[in-house]
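**Q** Sending over target21.pdb (PDB, C-alpha atoms, pLDDT in the B column).
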```
ATOM      1  CA  MET A1230      51.291 -17.879  16.363  1.00 45.00           C
ATOM      2  CA  THR A1231      54.562 -19.098  15.021  1.00 49.00           C
ATOM      3  CA  GLU A1232      57.964 -18.028  16.290  1.00 54.00           C
ATOM      4  CA  THR A1233      58.143 -15.323  13.610  1.00 57.00           C
ATOM      5  CA  GLY A1234      54.804 -13.810  14.669  1.00 61.00           C
ATOM      6  CA  GLU A1235      52.948 -14.931  11.533  1.00 71.00           C
ATOM      7  CA  LYS A1236      49.471 -16.404  11.640  1.00 75.00           C
ATOM      8  CA  LYS A1237      49.417 -20.196  11.481  1.00 79.00           C
ATOM      9  CA  GLN A1238      48.407 -21.545   8.079  1.00 83.00           C
ATOM     10  CA  LEU A1239      45.059 -23.293   8.229  1.00 92.00           C
ATOM     11  CA  LEU A1240      44.962 -24.871   4.785  1.00 95.00           C
ATOM     12  CA  HIS A1241      41.614 -25.313   3.021  1.00 96.00           C
ATOM     13  CA  LEU A1242      40.908 -27.127  -0.262  1.00 97.00           C
ATOM     14  CA  VAL A1243      38.083 -25.973  -2.549  1.00 98.00           C
ATOM     15  CA  PHE A1244      36.824 -28.486  -5.102  1.00 97.00           C
ATOM     16  CA  GLY A1245      33.630 -29.503  -6.814  1.00 97.00           C
ATOM     17  CA  GLY A1246      31.959 -31.633  -9.392  1.00 96.00           C
ATOM     18  CA  GLU A1247      28.682 -32.902 -10.720  1.00 96.00           C
ATOM     19  CA  LEU A1248      26.789 -35.217  -8.379  1.00 96.00           C
ATOM     20  CA  GLN A1249      24.936 -38.339  -9.515  1.00 95.00           C
ATOM     21  CA  SER A1250      21.807 -37.276  -7.618  1.00 94.00           C
ATOM     22  CA  LEU A1251      20.635 -34.380  -5.487  1.00 92.00           C
ATOM     23  CA  GLU A1252      20.223 -36.660  -2.468  1.00 92.00           C
ATOM     24  CA  GLY A1253      23.762 -38.001  -2.266  1.00 91.00           C
ATOM     25  CA  LEU A1254      27.416 -37.048  -2.376  1.00 93.00           C
ATOM     26  CA  GLN A1255      28.538 -39.454  -5.109  1.00 95.00           C
ATOM     27  CA  PHE A1256      30.233 -37.684  -7.991  1.00 96.00           C
ATOM     28  CA  LYS A1257      29.175 -38.498 -11.529  1.00 96.00           C
ATOM     29  CA  ASP A1258      32.742 -38.521 -12.916  1.00 96.00           C
ATOM     30  CA  LEU A1259      35.768 -38.374 -10.597  1.00 95.00           C
ATOM     31  CA  SER A1260      38.079 -37.550 -13.487  1.00 96.00           C
ATOM     32  CA  ALA A1261      36.063 -34.367 -14.102  1.00 96.00           C
ATOM     33  CA  LEU A1262      36.393 -32.959 -10.566  1.00 97.00           C
ATOM     34  CA  ASP A1263      37.249 -29.262 -10.509  1.00 97.00           C
ATOM     35  CA  ILE A1264      40.115 -28.653  -8.080  1.00 97.00           C
ATOM     36  CA  VAL A1265      39.787 -24.910  -7.515  1.00 97.00           C
ATOM     37  CA  GLY A1266      42.781 -24.577  -5.202  1.00 98.00           C
ATOM     38  CA  ILE A1267      44.325 -24.695  -1.742  1.00 97.00           C
ATOM     39  CA  TYR A1268      44.004 -21.575   0.398  1.00 97.00           C
ATOM     40  CA  PRO A1269      45.820 -20.398   3.548  1.00 95.00           C
ATOM     41  CA  ASP A1270      42.674 -19.608   5.537  1.00 95.00           C
ATOM     42  CA  TYR A1271      38.924 -20.168   5.582  1.00 96.00           C
ATOM     43  CA  ALA A1272      37.989 -16.635   4.488  1.00 96.00           C
ATOM     44  CA  THR A1273      40.017 -16.914   1.278  1.00 97.00           C
ATOM     45  CA  ALA A1274      38.644 -20.396   0.594  1.00 97.00           C
ATOM     46  CA  LEU A1275      35.092 -19.155   1.155  1.00 98.00           C
ATOM     47  CA  THR A1276      35.589 -16.390  -1.404  1.00 98.00           C
ATOM     48  CA  ALA A1277      36.819 -18.936  -3.970  1.00 98.00           C
ATOM     49  CA  TRP A1278      33.951 -21.314  -3.121  1.00 97.00           C
ATOM     50  CA  ARG A1279      31.340 -18.560  -3.546  1.00 97.00           C
ATOM     51  CA  GLY A1280      32.752 -17.600  -6.921  1.00 96.00           C
ATOM     52  CA  LYS A1281      32.615 -21.151  -8.253  1.00 96.00           C
ATOM     53  CA  ALA A1282      29.215 -21.867  -6.723  1.00 94.00           C
ATOM     54  CA  GLN A1283      27.768 -18.739  -8.351  1.00 95.00           C
ATOM     55  CA  GLN A1284      29.208 -19.706 -11.746  1.00 95.00           C
ATOM     56  CA  THR A1285      27.378 -23.048 -11.639  1.00 93.00           C
ATOM     57  CA  VAL A1286      24.111 -21.935  -9.995  1.00 92.00           C
ATOM     58  CA  ASP A1287      22.077 -23.096 -13.017  1.00 93.00           C
ATOM     59  CA  ASN A1288      23.234 -26.727 -12.628  1.00 94.00           C
ATOM     60  CA  ALA A1289      21.582 -28.194  -9.510  1.00 93.00           C
ATOM     61  CA  HIS A1290      23.846 -31.262  -9.653  1.00 95.00           C
ATOM     62  CA  MET A1291      27.067 -29.232  -9.552  1.00 96.00           C
ATOM     63  CA  ARG A1292      28.379 -28.744  -6.010  1.00 96.00           C
ATOM     64  CA  TYR A1293      31.488 -27.210  -4.531  1.00 97.00           C
ATOM     65  CA  PHE A1294      32.962 -28.004  -1.130  1.00 97.00           C
ATOM     66  CA  ILE A1295      35.519 -26.622   1.312  1.00 97.00           C
ATOM     67  CA  VAL A1296      37.719 -29.217   2.994  1.00 96.00           C
ATOM     68  CA  HIS A1297      39.522 -28.194   6.183  1.00 94.00           C
ATOM     69  CA  MET A1298      42.877 -29.752   5.269  1.00 92.00           C
ATOM     70  CA  HIS A1299      44.540 -28.489   8.445  1.00 88.00           C
ATOM     71  CA  ARG A1300      42.187 -30.737  10.436  1.00 85.00           C
ATOM     72  CA  LEU A1301      43.345 -33.750   8.442  1.00 83.00           C
ATOM     73  CA  LEU A1302      47.015 -32.819   8.780  1.00 84.00           C
ATOM     74  CA  ASP A1303      46.778 -31.958  12.483  1.00 80.00           C
ATOM     75  CA  PRO A1304      43.633 -33.450  14.089  1.00 76.00           C
ATOM     76  CA  ASP A1305      44.407 -31.732  17.408  1.00 74.00           C
ATOM     77  CA  THR A1306      43.956 -28.265  15.840  1.00 62.00           C
ATOM     78  CA  LYS A1307      41.213 -26.365  17.667  1.00 63.00           C
ATOM     79  CA  SER A1308      40.832 -23.494  15.126  1.00 56.00           C
ATOM     80  CA  ALA A1309      38.271 -23.186  12.335  1.00 54.00           C
TER      81      ALA A1309
END
```
Show the structure stored in the file as structure tokens.
**A**
Amino acid sequence: MTETGEKKQLLHLVFGGELQSLEGLQFKDLSALDIVGIYPDYATALTAWRGKAQQTVDNAHMRYFIVHMHRLLDPDTKSA
């Protein structure tokens, strides 16, 4: 908790794009990546991820990911 009693922000990035193949994680076109947004917690990011993943369910090459940005910004963070 912070000094004001608020929950600590654990930023998460949701993004996706079309992969070159189903076996790898290479994107077909980096300029066409869909940056969905940055969210203050995992639950909110998961909701956004699910929405985008469901919209593109018919395209097997389209994948969305959640990046735990707070782990990149503060590697010592122990939270999800």
**Q** Specify as a PyMOL selection string each residue included when the PyMOL selection byres ((chain A and resi 1242) around 7) is applied to this file.
**A** chain A and resi 1240-1241+1243-1244+1266-1268+1295-1298
**Q** Using only C-alpha atoms, please write the residues we just selected to a file, as a short mmCIF file (atom, residue, chain, number, x, y, z; two decimals), keeping the file's coordinate frame.
**A**
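Saved the output as again.cif:
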```cif
data_model
loop_
_atom_site.label_atom_id
_atom_site.label_comp_id
_atom_site.auth_asym_id
_atom_site.auth_seq_id
_atom_site.Cartn_x
_atom_site.Cartn_y
_atom_site.Cartn_z
CA LEU A 1240 44.96 -24.87 4.78
CA HIS A 1241 41.61 -25.31 3.02
CA VAL A 1243 38.08 -25.97 -2.55
CA PHE A 1244 36.82 -28.49 -5.10
CA GLY A 1266 42.78 -24.58 -5.20
CA ILE A 1267 44.32 -24.70 -1.74
CA TYR A 1268 44.00 -21.58 0.40
CA ILE A 1295 35.52 -26.62 1.31
CA VAL A 1296 37.72 -29.22 2.99
CA HIS A 1297 39.52 -28.19 6.18
CA MET A 1298 42.88 -29.75 5.27
#
```
**Q** Considering all atoms listed in the file, state which residue in the set A:His1299, A:Lys1236, A:Thr1276, A:Gly1245 is at the smallest distance from Asp1258 of chain A.
**A**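 That would be A:Gly1245, the residue with the smallest distance to Asp1258 of chain A.
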**Q** Name all residues at most 8 Å from Leu1248 of chain A (count all atoms listed in the file; drop same-chain ones fewer than 4 positions away) and give them as a PDB file with C-alpha atoms, keeping the file's coordinate frame.
**A**
```
ATOM      1  CA  GLY A1253      23.762 -38.001  -2.266  1.00 91.00           C
ATOM      2  CA  LEU A1254      27.416 -37.048  -2.376  1.00 93.00           C
ATOM      3  CA  GLN A1255      28.538 -39.454  -5.109  1.00 95.00           C
ATOM      4  CA  PHE A1256      30.233 -37.684  -7.991  1.00 96.00           C
ATOM      5  CA  LYS A1257      29.175 -38.498 -11.529  1.00 96.00           C
ATOM      6  CA  HIS A1290      23.846 -31.262  -9.653  1.00 95.00           C
ATOM      7  CA  MET A1291      27.067 -29.232  -9.552  1.00 96.00           C
ATOM      8  CA  ARG A1292      28.379 -28.744  -6.010  1.00 96.00           C
TER       9      ARG A1292
END
```
**Q** Going by the chain IDs and residue numbers used in this file, which residues fall under the PyMOL selection byres ((chain A and resi 1279) around 12)? Write them as a list of chain:residue names.
**A** A:Val1243, A:Phe1244, A:Gly1245, A:Val1265, A:Tyr1271, A:Ala1272, A:Thr1273, A:Ala1274, A:Leu1275, A:Thr1276, A:Ala1277, A:Trp1278, A:Gly1280, A:Lys1281, A:Ala1282, A:Gln1283, A:Gln1284, A:Thr1285, A:Val1286, A:Arg1292, A:Tyr1293, A:Phe1294, A:Ile1295
**Q** Taking C-alpha atoms for each residue, export the selection above as an mmCIF file, in the coordinates of the input.
**A**
```cif
data_model
loop_
_atom_site.group_PDB
_atom_site.id
_atom_site.type_symbol
_atom_site.label_atom_id
_atom_site.label_comp_id
_atom_site.auth_asym_id
_atom_site.auth_seq_id
_atom_site.Cartn_x
_atom_site.Cartn_y
_atom_site.Cartn_z
ATOM 1 C CA VAL A 1243 38.083 -25.973 -2.549
ATOM 2 C CA PHE A 1244 36.824 -28.486 -5.102
ATOM 3 C CA GLY A 1245 33.630 -29.503 -6.814
ATOM 4 C CA VAL A 1265 39.787 -24.910 -7.515
ATOM 5 C CA TYR A 1271 38.924 -20.168 5.582
ATOM 6 C CA ALA A 1272 37.989 -16.635 4.488
ATOM 7 C CA THR A 1273 40.017 -16.914 1.278
ATOM 8 C CA ALA A 1274 38.644 -20.396 0.594
ATOM 9 C CA LEU A 1275 35.092 -19.155 1.155
ATOM 10 C CA THR A 1276 35.589 -16.390 -1.404
ATOM 11 C CA ALA A 1277 36.819 -18.936 -3.970
ATOM 12 C CA TRP A 1278 33.951 -21.314 -3.121
ATOM 13 C CA GLY A 1280 32.752 -17.600 -6.921
ATOM 14 C CA LYS A 1281 32.615 -21.151 -8.253
ATOM 15 C CA ALA A 1282 29.215 -21.867 -6.723
ATOM 16 C CA GLN A 1283 27.768 -18.739 -8.351
ATOM 17 C CA GLN A 1284 29.208 -19.706 -11.746
ATOM 18 C CA THR A 1285 27.378 -23.048 -11.639
ATOM 19 C CA VAL A 1286 24.111 -21.935 -9.995
ATOM 20 C CA ARG A 1292 28.379 -28.744 -6.010
ATOM 21 C CA TYR A 1293 31.488 -27.210 -4.531
ATOM 22 C CA PHE A 1294 32.962 -28.004 -1.130
ATOM 23 C CA ILE A 1295 35.519 -26.622 1.312
#
```
**Q** In Å, with one decimal, what is the gap from atom CA of Glu1247 of chain A to atom CA of Ser1260 of chain A?
**A**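 One can read the atom CA of Glu1247 of chain A to atom CA of Ser1260 of chain A distance as 10.8 Å.
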**Q** Extending 8 Å beyond the listed atoms of segment 1256-1274 of chain A on each side, what axis-aligned box results? I want centre and edge lengths in Å to one decimal, as lines of an AutoDock Vina configuration file.
**A**
```
center_x = 37.5
center_y = -27.6
center_z = -4.3
size_x = 32.6
size_y = 37.9
size_z = 35.7
```
**Q** If you measure from atom CA of Gly1246 of chain A to atom CA of Ala1261 of chain A, what distance in Å do you get, rounded to one decimal?
**A**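 So the two atoms, atom CA of Gly1246 of chain A and atom CA of Ala1261 of chain A, lie 6.8 Å apart.
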**Q** Could you tell me how far atom CA of Gln1238 of chain A sits from atom CA of Pro1304 of chain A, in Å to one decimal place?
**A**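 Atom-to-atom, atom CA of Pro1304 of chain A and atom CA of Gln1238 of chain A are spaced 14.2 Å apart.
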**Q** For Leu1239 of chain A, which residue out of A:Glu1252, A:Asn1288, A:Leu1262, A:Leu1302 is the nearest one, using all atoms listed in the file?
**A**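 The closest residue to Leu1239 of chain A is A:Leu1302.
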